[in-house]
Amino acid sequence: MQDFAFLVTPGNAPGAAIAGIFGLLIGSFLNVVIHRIPKMMQRESDNYVASESGLPLPHTDRYNLMLPRSACPTCKHAISGIENIPVISYLALGGKCKQCRTPISARYPVVELFTALVSAALVWHFGAGITGLATLVFAWLLIAMSGIDADTQLLPDDLTYPLLWIGLLLNINATFVPLGDAVIGAAAGYLCLWSVYWVFKLLTGKEGMGYGDFKLLAALGAWLGWQMLPMIILLSSLVGALVGVSLIVFGKRGRENPIPFGPYLAAAGLLALVAGDALTRMYLKWLT
């Protein structure tokens with residue numbers, strides 16, 4: 001247990017509290033990102049196909065992360081500022097639309113609370129300097145990608161590529177690992193899952209994972225270095241296997257239904273960021 005003593009050592013309490021409050025607001029925005037980016041991608045694809053076929057564009061209205069205003073999908077009631085306060089508004093409304101009383105998904109406050117807790121924990125551990133702020137960006141992008149992958153089994157390039165490049169740029173000054181380790185981590189992360197994908201496809205004729213998973217592991221390697229890749233793969237595979245088997249056993253998902261791997265990679269990446277060295281020492285100690 002001494003390996004994990006740093007996790008409970010008092011850190012930057014005021015900074016952590018501020019990060020937690022700010023994390024609630026960011027979590028609210030991440031809900032928008034999770035909901036809208038797949039729709040934006042689909043609209044862009046529809047317009048491209050129509051344009052190539054010489055047909056009228058099916059989507060001509062503005063649709064991005066800011067516009068149009070958030071509204072109830074059932075009655076189109078525009079959500080006011082007072083109805084959009086993270087967690088509090090959900091509780092005050094009883095988890096239902098103010099106008100039509102359609103239930104609101106509990107995922108919205110869950111994402112907000114989770115983002116707040118993770119943000120507070122990271123600033124508590126890393127401080128409120130450049131390193132601590134960088135870890136917040138790391139976590140927020142992973143939360144957004146996990147939500148999108150869980151919904152659509154997509155990991156958008158608009159999120160995976162920025163995560164990768166930010167990691168490499170931060171490590172120019174060895175913020176987390178030396179730049180050489182980061183570059184090798186990015187390349188090895190991509191090639192590792194790329195190789196698994198093609199071996200599996202050649203043996204079974206099926207696709208075991210998507211290209212987004214390769215890019216996400218490459219991004220994690222760019223942040224944490226190649227040394228953390230075995231731990232990330234091991235943790236994500238174990239958790240993914242346990243969840244997958246549980247879903248099949250309890251009838252929540254059939255064997256033929258694919259399970260998104262992105263959330264497990266993201267969770268393993270966060271664990272490796274905070275406790276990777278301690279976990280590696282424990283693993284090596286267990287082996288010996």
# chains A, B, ... in the order shown; residues from 1 in each chain; ligands from 1
call {"tool": "residues_around", "arguments": {"residues": "segment 259-261 of chain A", "least_positions_apart": "5", "cutoff": "9 Å", "atoms": "only C-alpha atoms", "output": "MDAnalysis selection string"}}
result
chainID A and resid 146 149:154 209:210 213 236:237 240 244 253 266
call {"tool": "write_last_selection", "arguments": {"atoms": "all heavy atoms", "output": "compact mmCIF listing (two decimals), in the first residue's frame"}}
result
# COMPACT_ATOMS: atom_id res chain seq x y z
N SER A 146 -14.94 8.89 -24.70
CA SER A 146 -15.58 7.69 -24.12
C SER A 146 -17.09 7.74 -24.32
O SER A 146 -17.71 6.73 -24.68
CB SER A 146 -15.26 7.61 -22.62
OG SER A 146 -13.89 7.43 -22.41
N ASP A 149 -17.87 7.14 -28.07
CA ASP A 149 -17.63 5.75 -28.45
C ASP A 149 -18.70 4.83 -27.87
O ASP A 149 -19.16 3.88 -28.54
CB ASP A 149 -16.24 5.31 -27.97
CG ASP A 149 -15.75 4.06 -28.69
OD1 ASP A 149 -16.22 3.79 -29.82
OD2 ASP A 149 -14.89 3.36 -28.14
N ALA A 150 -19.12 5.09 -26.64
CA ALA A 150 -20.17 4.28 -26.02
C ALA A 150 -21.48 4.40 -26.79
O ALA A 150 -22.23 3.43 -26.91
CB ALA A 150 -20.37 4.71 -24.57
N ASP A 151 -21.76 5.59 -27.33
CA ASP A 151 -23.00 5.82 -28.07
C ASP A 151 -22.95 5.32 -29.50
O ASP A 151 -23.93 4.76 -30.01
CB ASP A 151 -23.32 7.32 -28.09
CG ASP A 151 -23.91 7.82 -26.78
OD1 ASP A 151 -24.25 6.98 -25.93
OD2 ASP A 151 -24.01 9.04 -26.61
N THR A 152 -21.83 5.54 -30.16
CA THR A 152 -21.78 5.36 -31.61
C THR A 152 -20.70 4.41 -32.10
O THR A 152 -20.63 4.11 -33.29
CB THR A 152 -21.55 6.72 -32.30
OG1 THR A 152 -20.24 7.22 -31.94
CG2 THR A 152 -22.60 7.74 -31.89
N GLN A 153 -19.80 3.97 -31.19
CA GLN A 153 -18.63 3.17 -31.56
C GLN A 153 -17.74 3.91 -32.55
O GLN A 153 -17.16 3.31 -33.47
CB GLN A 153 -19.07 1.80 -32.10
CG GLN A 153 -19.77 0.97 -31.04
CD GLN A 153 -20.25 -0.37 -31.52
OE1 GLN A 153 -19.94 -0.78 -32.62
NE2 GLN A 153 -21.03 -1.06 -30.69
N LEU A 154 -17.64 5.21 -32.33
CA LEU A 154 -16.76 6.06 -33.12
C LEU A 154 -15.83 6.82 -32.19
O LEU A 154 -16.23 7.23 -31.09
CB LEU A 154 -17.56 7.08 -33.94
CG LEU A 154 -18.46 6.55 -35.06
CD1 LEU A 154 -19.32 7.69 -35.61
CD2 LEU A 154 -17.63 5.93 -36.18
N MET A 209 -11.76 -4.31 -33.98
CA MET A 209 -11.78 -2.97 -33.40
C MET A 209 -11.69 -1.96 -34.52
O MET A 209 -11.47 -2.32 -35.68
CB MET A 209 -10.64 -2.78 -32.40
CG MET A 209 -9.25 -2.92 -32.98
SD MET A 209 -7.94 -2.74 -31.75
CE MET A 209 -8.24 -4.16 -30.72
N GLY A 210 -11.88 -0.69 -34.19
CA GLY A 210 -11.86 0.35 -35.20
C GLY A 210 -10.52 1.10 -35.22
O GLY A 210 -9.72 0.99 -34.28
N ASP A 213 -9.43 3.33 -32.23
CA ASP A 213 -8.73 2.74 -31.09
C ASP A 213 -7.21 2.84 -31.27
O ASP A 213 -6.48 3.09 -30.31
CB ASP A 213 -9.13 1.28 -30.90
CG ASP A 213 -10.61 1.12 -30.56
OD1 ASP A 213 -11.12 1.91 -29.76
OD2 ASP A 213 -11.25 0.19 -31.12
N SER A 236 -6.89 -2.09 -19.76
CA SER A 236 -8.08 -1.91 -20.60
C SER A 236 -8.65 -3.25 -21.06
O SER A 236 -9.86 -3.44 -21.12
CB SER A 236 -7.75 -1.03 -21.81
OG SER A 236 -6.70 -1.59 -22.58
N SER A 237 -7.77 -4.21 -21.36
CA SER A 237 -8.23 -5.53 -21.80
C SER A 237 -8.94 -6.27 -20.67
O SER A 237 -9.98 -6.90 -20.89
CB SER A 237 -7.06 -6.35 -22.31
OG SER A 237 -6.45 -5.71 -23.42
N GLY A 240 -12.28 -4.46 -20.02
CA GLY A 240 -13.16 -4.70 -21.16
C GLY A 240 -13.70 -6.12 -21.18
O GLY A 240 -14.88 -6.35 -21.46
N GLY A 244 -17.55 -7.02 -20.76
CA GLY A 244 -18.16 -7.73 -21.88
C GLY A 244 -18.80 -9.03 -21.46
O GLY A 244 -19.94 -9.34 -21.85
N ARG A 253 -26.32 -7.71 -23.70
CA ARG A 253 -25.73 -7.59 -25.04
C ARG A 253 -25.40 -8.98 -25.55
O ARG A 253 -24.91 -9.83 -24.79
CB ARG A 253 -24.46 -6.73 -24.98
CG ARG A 253 -23.85 -6.41 -26.34
CD ARG A 253 -22.58 -5.62 -26.15
NE ARG A 253 -22.84 -4.31 -25.61
CZ ARG A 253 -22.97 -3.21 -26.35
NH1 ARG A 253 -22.86 -3.29 -27.66
NH2 ARG A 253 -23.19 -2.04 -25.79
N ALA A 266 -9.47 4.70 -22.34
CA ALA A 266 -9.46 6.00 -21.67
C ALA A 266 -9.29 5.83 -20.17
O ALA A 266 -8.51 6.55 -19.52
CB ALA A 266 -10.74 6.76 -21.99
call {"tool": "select_by_dssp", "arguments": {"residues": "segment 21-152 of chain A", "states": "alpha helix (DSSP H)", "output": "VMD selection string"}}
result
chain A and resid 21 to 52 88 to 92 107 to 126 130 to 152
call {"tool": "atom_distance", "arguments": {"atom1": "atom CA of His59 of chain A", "atom2": "atom CA of Asp46 of chain A"}}
result
7.7 Å
call {"tool": "atom_distance", "arguments": {"atom1": "atom CA of Ala116 of chain A", "atom2": "atom CA of Trp223 of chain A"}}
result
21.8 Å
call {"tool": "residues_around", "arguments": {"residues": "Gly208 of chain A", "least_positions_apart": "3", "cutoff": "10 Å", "atoms": "only C-alpha atoms", "output": "PDB file with all heavy atoms, in the first residue's frame"}}
result
ATOM      1  N   VAL A 196      -2.732  -6.055 -34.120  1.00  0.00           N
ATOM      2  CA  VAL A 196      -3.757  -6.940 -33.563  1.00  0.00           C
ATOM      3  C   VAL A 196      -4.984  -6.960 -34.470  1.00  0.00           C
ATOM      4  O   VAL A 196      -5.574  -8.025 -34.722  1.00  0.00           O
ATOM      5  CB  VAL A 196      -4.155  -6.476 -32.146  1.00  0.00           C
ATOM      6  CG1 VAL A 196      -5.370  -7.254 -31.640  1.00  0.00           C
ATOM      7  CG2 VAL A 196      -2.985  -6.643 -31.194  1.00  0.00           C
ATOM      8  N   TYR A 197      -5.363  -5.794 -34.983  1.00  0.00           N
ATOM      9  CA  TYR A 197      -6.519  -5.683 -35.878  1.00  0.00           C
ATOM     10  C   TYR A 197      -6.352  -6.571 -37.106  1.00  0.00           C
ATOM     11  O   TYR A 197      -7.249  -7.336 -37.463  1.00  0.00           O
ATOM     12  CB  TYR A 197      -6.683  -4.215 -36.285  1.00  0.00           C
ATOM     13  CG  TYR A 197      -7.651  -3.975 -37.428  1.00  0.00           C
ATOM     14  CD1 TYR A 197      -8.996  -3.756 -37.182  1.00  0.00           C
ATOM     15  CD2 TYR A 197      -7.192  -3.949 -38.749  1.00  0.00           C
ATOM     16  CE1 TYR A 197      -9.877  -3.529 -38.231  1.00  0.00           C
ATOM     17  CE2 TYR A 197      -8.066  -3.718 -39.794  1.00  0.00           C
ATOM     18  CZ  TYR A 197      -9.408  -3.511 -39.534  1.00  0.00           C
ATOM     19  OH  TYR A 197     -10.277  -3.292 -40.569  1.00  0.00           O
ATOM     20  N   TRP A 198      -5.166  -6.495 -37.743  1.00  0.00           N
ATOM     21  CA  TRP A 198      -4.972  -7.232 -38.988  1.00  0.00           C
ATOM     22  C   TRP A 198      -4.785  -8.724 -38.755  1.00  0.00           C
ATOM     23  O   TRP A 198      -5.253  -9.551 -39.552  1.00  0.00           O
ATOM     24  CB  TRP A 198      -3.790  -6.647 -39.764  1.00  0.00           C
ATOM     25  CG  TRP A 198      -4.203  -5.427 -40.511  1.00  0.00           C
ATOM     26  CD1 TRP A 198      -3.883  -4.130 -40.230  1.00  0.00           C
ATOM     27  CD2 TRP A 198      -5.068  -5.385 -41.646  1.00  0.00           C
ATOM     28  NE1 TRP A 198      -4.485  -3.275 -41.121  1.00  0.00           N
ATOM     29  CE2 TRP A 198      -5.217  -4.019 -42.005  1.00  0.00           C
ATOM     30  CE3 TRP A 198      -5.743  -6.355 -42.402  1.00  0.00           C
ATOM     31  CZ2 TRP A 198      -6.001  -3.621 -43.086  1.00  0.00           C
ATOM     32  CZ3 TRP A 198      -6.526  -5.946 -43.476  1.00  0.00           C
ATOM     33  CH2 TRP A 198      -6.651  -4.600 -43.805  1.00  0.00           C
ATOM     34  N   VAL A 199      -4.144  -9.102 -37.663  1.00  0.00           N
ATOM     35  CA  VAL A 199      -4.023 -10.528 -37.345  1.00  0.00           C
ATOM     36  C   VAL A 199      -5.405 -11.130 -37.107  1.00  0.00           C
ATOM     37  O   VAL A 199      -5.738 -12.209 -37.627  1.00  0.00           O
ATOM     38  CB  VAL A 199      -3.112 -10.739 -36.116  1.00  0.00           C
ATOM     39  CG1 VAL A 199      -3.203 -12.189 -35.624  1.00  0.00           C
ATOM     40  CG2 VAL A 199      -1.675 -10.387 -36.450  1.00  0.00           C
ATOM     41  N   PHE A 200      -6.217 -10.420 -36.326  1.00  0.00           N
ATOM     42  CA  PHE A 200      -7.576 -10.892 -36.031  1.00  0.00           C
ATOM     43  C   PHE A 200      -8.411 -10.973 -37.307  1.00  0.00           C
ATOM     44  O   PHE A 200      -9.151 -11.945 -37.522  1.00  0.00           O
ATOM     45  CB  PHE A 200      -8.240  -9.958 -35.023  1.00  0.00           C
ATOM     46  CG  PHE A 200      -9.607 -10.408 -34.585  1.00  0.00           C
ATOM     47  CD1 PHE A 200      -9.753 -11.364 -33.589  1.00  0.00           C
ATOM     48  CD2 PHE A 200     -10.760  -9.878 -35.162  1.00  0.00           C
ATOM     49  CE1 PHE A 200     -11.012 -11.793 -33.178  1.00  0.00           C
ATOM     50  CE2 PHE A 200     -12.022 -10.294 -34.768  1.00  0.00           C
ATOM     51  CZ  PHE A 200     -12.148 -11.252 -33.772  1.00  0.00           C
ATOM     52  N   LYS A 201      -8.273  -9.966 -38.172  1.00  0.00           N
ATOM     53  CA  LYS A 201      -9.070  -9.960 -39.409  1.00  0.00           C
ATOM     54  C   LYS A 201      -8.644 -11.073 -40.347  1.00  0.00           C
ATOM     55  O   LYS A 201      -9.492 -11.719 -40.987  1.00  0.00           O
ATOM     56  CB  LYS A 201      -8.941  -8.599 -40.105  1.00  0.00           C
ATOM     57  CG  LYS A 201      -9.879  -8.449 -41.292  1.00  0.00           C
ATOM     58  CD  LYS A 201      -9.899  -7.038 -41.831  1.00  0.00           C
ATOM     59  CE  LYS A 201     -10.911  -6.900 -42.960  1.00  0.00           C
ATOM     60  NZ  LYS A 201     -10.960  -5.520 -43.491  1.00  0.00           N
ATOM     61  N   THR A 204     -10.024 -14.415 -38.738  1.00  0.00           N
ATOM     62  CA  THR A 204     -11.472 -14.584 -38.579  1.00  0.00           C
ATOM     63  C   THR A 204     -12.294 -13.970 -39.703  1.00  0.00           C
ATOM     64  O   THR A 204     -13.472 -14.292 -39.848  1.00  0.00           O
ATOM     65  CB  THR A 204     -11.934 -13.962 -37.247  1.00  0.00           C
ATOM     66  OG1 THR A 204     -11.765 -12.533 -37.314  1.00  0.00           O
ATOM     67  CG2 THR A 204     -11.148 -14.515 -36.075  1.00  0.00           C
ATOM     68  N   GLY A 205     -11.678 -13.063 -40.472  1.00  0.00           N
ATOM     69  CA  GLY A 205     -12.438 -12.351 -41.502  1.00  0.00           C
ATOM     70  C   GLY A 205     -13.300 -11.237 -40.940  1.00  0.00           C
ATOM     71  O   GLY A 205     -14.082 -10.629 -41.665  1.00  0.00           O
ATOM     72  N   PRO A 258     -20.807  -5.732 -31.054  1.00  0.00           N
ATOM     73  CA  PRO A 258     -19.472  -5.218 -30.692  1.00  0.00           C
ATOM     74  C   PRO A 258     -19.534  -4.351 -29.443  1.00  0.00           C
ATOM     75  O   PRO A 258     -20.533  -3.683 -29.172  1.00  0.00           O
ATOM     76  CB  PRO A 258     -19.072  -4.396 -31.921  1.00  0.00           C
ATOM     77  CG  PRO A 258     -20.359  -4.022 -32.577  1.00  0.00           C
ATOM     78  CD  PRO A 258     -21.306  -5.163 -32.315  1.00  0.00           C
ATOM     79  N   ILE A 259     -18.462  -4.383 -28.685  1.00  0.00           N
ATOM     80  CA  ILE A 259     -18.347  -3.578 -27.470  1.00  0.00           C
ATOM     81  C   ILE A 259     -17.288  -2.507 -27.700  1.00  0.00           C
ATOM     82  O   ILE A 259     -16.153  -2.819 -28.090  1.00  0.00           O
ATOM     83  CB  ILE A 259     -17.959  -4.456 -26.263  1.00  0.00           C
ATOM     84  CG1 ILE A 259     -19.074  -5.469 -25.978  1.00  0.00           C
ATOM     85  CG2 ILE A 259     -17.681  -3.607 -25.026  1.00  0.00           C
ATOM     86  CD1 ILE A 259     -18.723  -6.474 -24.904  1.00  0.00           C
ATOM     87  N   PHE A 261     -14.235  -0.210 -27.310  1.00  0.00           N
ATOM     88  CA  PHE A 261     -13.020  -0.385 -26.519  1.00  0.00           C
ATOM     89  C   PHE A 261     -12.464   0.946 -26.023  1.00  0.00           C
ATOM     90  O   PHE A 261     -11.678   0.983 -25.068  1.00  0.00           O
ATOM     91  CB  PHE A 261     -11.975  -1.114 -27.369  1.00  0.00           C
ATOM     92  CG  PHE A 261     -10.803  -1.639 -26.611  1.00  0.00           C
ATOM     93  CD1 PHE A 261     -10.964  -2.370 -25.438  1.00  0.00           C
ATOM     94  CD2 PHE A 261      -9.506  -1.431 -27.083  1.00  0.00           C
ATOM     95  CE1 PHE A 261      -9.875  -2.864 -24.745  1.00  0.00           C
ATOM     96  CE2 PHE A 261      -8.414  -1.922 -26.400  1.00  0.00           C
ATOM     97  CZ  PHE A 261      -8.606  -2.636 -25.221  1.00  0.00           C
TER      98      PHE A 261
END
call {"tool": "atom_distance", "arguments": {"atom1": "atom CA of Lys206 of chain A", "atom2": "atom CA of Pro162 of chain A"}}
result
29.3 Å
call {"tool": "residues_around", "arguments": {"residues": "Ala218 of chain A", "least_positions_apart": "3", "cutoff": "9 Å", "atoms": "only C-alpha atoms", "output": "MDAnalysis selection string"}}
result
chainID A and resid 160 164 185:191 213:215 221:223
call {"tool": "residues_around", "arguments": {"residues": "Met40 of chain A", "least_positions_apart": "5", "cutoff": "9 Å", "atoms": "only C-alpha atoms", "output": "list in words"}}
result
Ser45, Tyr63, Asn64 and Leu65 of chain A
call {"tool": "write_last_selection", "arguments": {"atoms": "N, CA, C and O atoms", "output": "PDB file, in the first residue's frame"}}
result
ATOM      1  N   SER A  45     -21.114  14.174 -43.722  1.00  0.00           N
ATOM      2  CA  SER A  45     -21.069  13.049 -44.657  1.00  0.00           C
ATOM      3  C   SER A  45     -22.253  13.096 -45.621  1.00  0.00           C
ATOM      4  O   SER A  45     -22.089  12.876 -46.833  1.00  0.00           O
ATOM      5  N   TYR A  63     -25.222  24.078 -37.624  1.00  0.00           N
ATOM      6  CA  TYR A  63     -25.271  23.095 -36.543  1.00  0.00           C
ATOM      7  C   TYR A  63     -23.839  22.830 -36.102  1.00  0.00           C
ATOM      8  O   TYR A  63     -23.044  22.240 -36.828  1.00  0.00           O
ATOM      9  N   ASN A  64     -23.505  23.304 -34.908  1.00  0.00           N
ATOM     10  CA  ASN A  64     -22.169  23.105 -34.359  1.00  0.00           C
ATOM     11  C   ASN A  64     -22.274  22.962 -32.850  1.00  0.00           C
ATOM     12  O   ASN A  64     -23.371  22.721 -32.322  1.00  0.00           O
ATOM     13  N   LEU A  65     -21.178  23.143 -32.153  1.00  0.00           N
ATOM     14  CA  LEU A  65     -21.198  22.974 -30.700  1.00  0.00           C
ATOM     15  C   LEU A  65     -21.859  24.141 -29.978  1.00  0.00           C
ATOM     16  O   LEU A  65     -22.159  24.034 -28.785  1.00  0.00           O
TER      17      LEU A  65
END
call {"tool": "closest_atom_pairs", "arguments": {"of": "segment 87-117 of chain A", "to": "segment 126-139 of chain A", "cutoff": "12 Å", "atoms": "only C-alpha atoms", "output": "JSON lines"}}
result
{"residue": "A:Phe114", "atom": "CA", "partner": "A:Ala139", "partner_atom": "CA", "distance": 10.5}
{"residue": "A:Thr115", "atom": "CA", "partner": "A:Ala139", "partner_atom": "CA", "distance": 8.1}
{"residue": "A:Ala116", "atom": "CA", "partner": "A:Leu136", "partner_atom": "CA", "distance": 10.3}
{"residue": "A:Leu117", "atom": "CA", "partner": "A:Ala139", "partner_atom": "CA", "distance": 11.0}
call {"tool": "write_last_selection", "arguments": {"atoms": "N, CA, C and O atoms", "output": "PDB file, in the first residue's frame"}}
result
ATOM      1  N   PHE A 114     -18.839  13.338 -12.727  1.00  0.00           N
ATOM      2  CA  PHE A 114     -17.598  12.603 -12.960  1.00  0.00           C
ATOM      3  C   PHE A 114     -16.490  13.549 -13.410  1.00  0.00           C
ATOM      4  O   PHE A 114     -15.345  13.462 -12.939  1.00  0.00           O
ATOM      5  N   THR A 115     -16.819  14.473 -14.308  1.00  0.00           N
ATOM      6  CA  THR A 115     -15.828  15.442 -14.776  1.00  0.00           C
ATOM      7  C   THR A 115     -15.346  16.314 -13.631  1.00  0.00           C
ATOM      8  O   THR A 115     -14.150  16.620 -13.521  1.00  0.00           O
ATOM      9  N   ALA A 116     -16.267  16.716 -12.752  1.00  0.00           N
ATOM     10  CA  ALA A 116     -15.894  17.528 -11.599  1.00  0.00           C
ATOM     11  C   ALA A 116     -14.952  16.773 -10.669  1.00  0.00           C
ATOM     12  O   ALA A 116     -13.929  17.309 -10.218  1.00  0.00           O
ATOM     13  N   LEU A 117     -15.279  15.519 -10.368  1.00  0.00           N
ATOM     14  CA  LEU A 117     -14.458  14.722  -9.452  1.00  0.00           C
ATOM     15  C   LEU A 117     -13.068  14.463 -10.028  1.00  0.00           C
ATOM     16  O   LEU A 117     -12.060  14.576  -9.319  1.00  0.00           O
TER      17      LEU A 117
END
call {"tool": "closest_residue", "arguments": {"among": "A:Ile148, A:Thr280, A:Leu220, A:Trp226", "to": "Leu265 of chain A", "atoms": "only C-alpha atoms"}}
result
A:Leu220
call {"tool": "closest_residue", "arguments": {"among": "A:Ile34, A:Ile184, A:Ile143, A:Val177", "to": "Gly269 of chain A", "atoms": "only C-alpha atoms"}}
result
A:Ile143
call {"tool": "residues_around", "arguments": {"residues": "segment 82-93 of chain A", "least_positions_apart": "3", "cutoff": "12 Å", "atoms": "only C-alpha atoms", "output": "ChimeraX atom specification"}}
result
/A:20-32,69-72,77-79,96-116
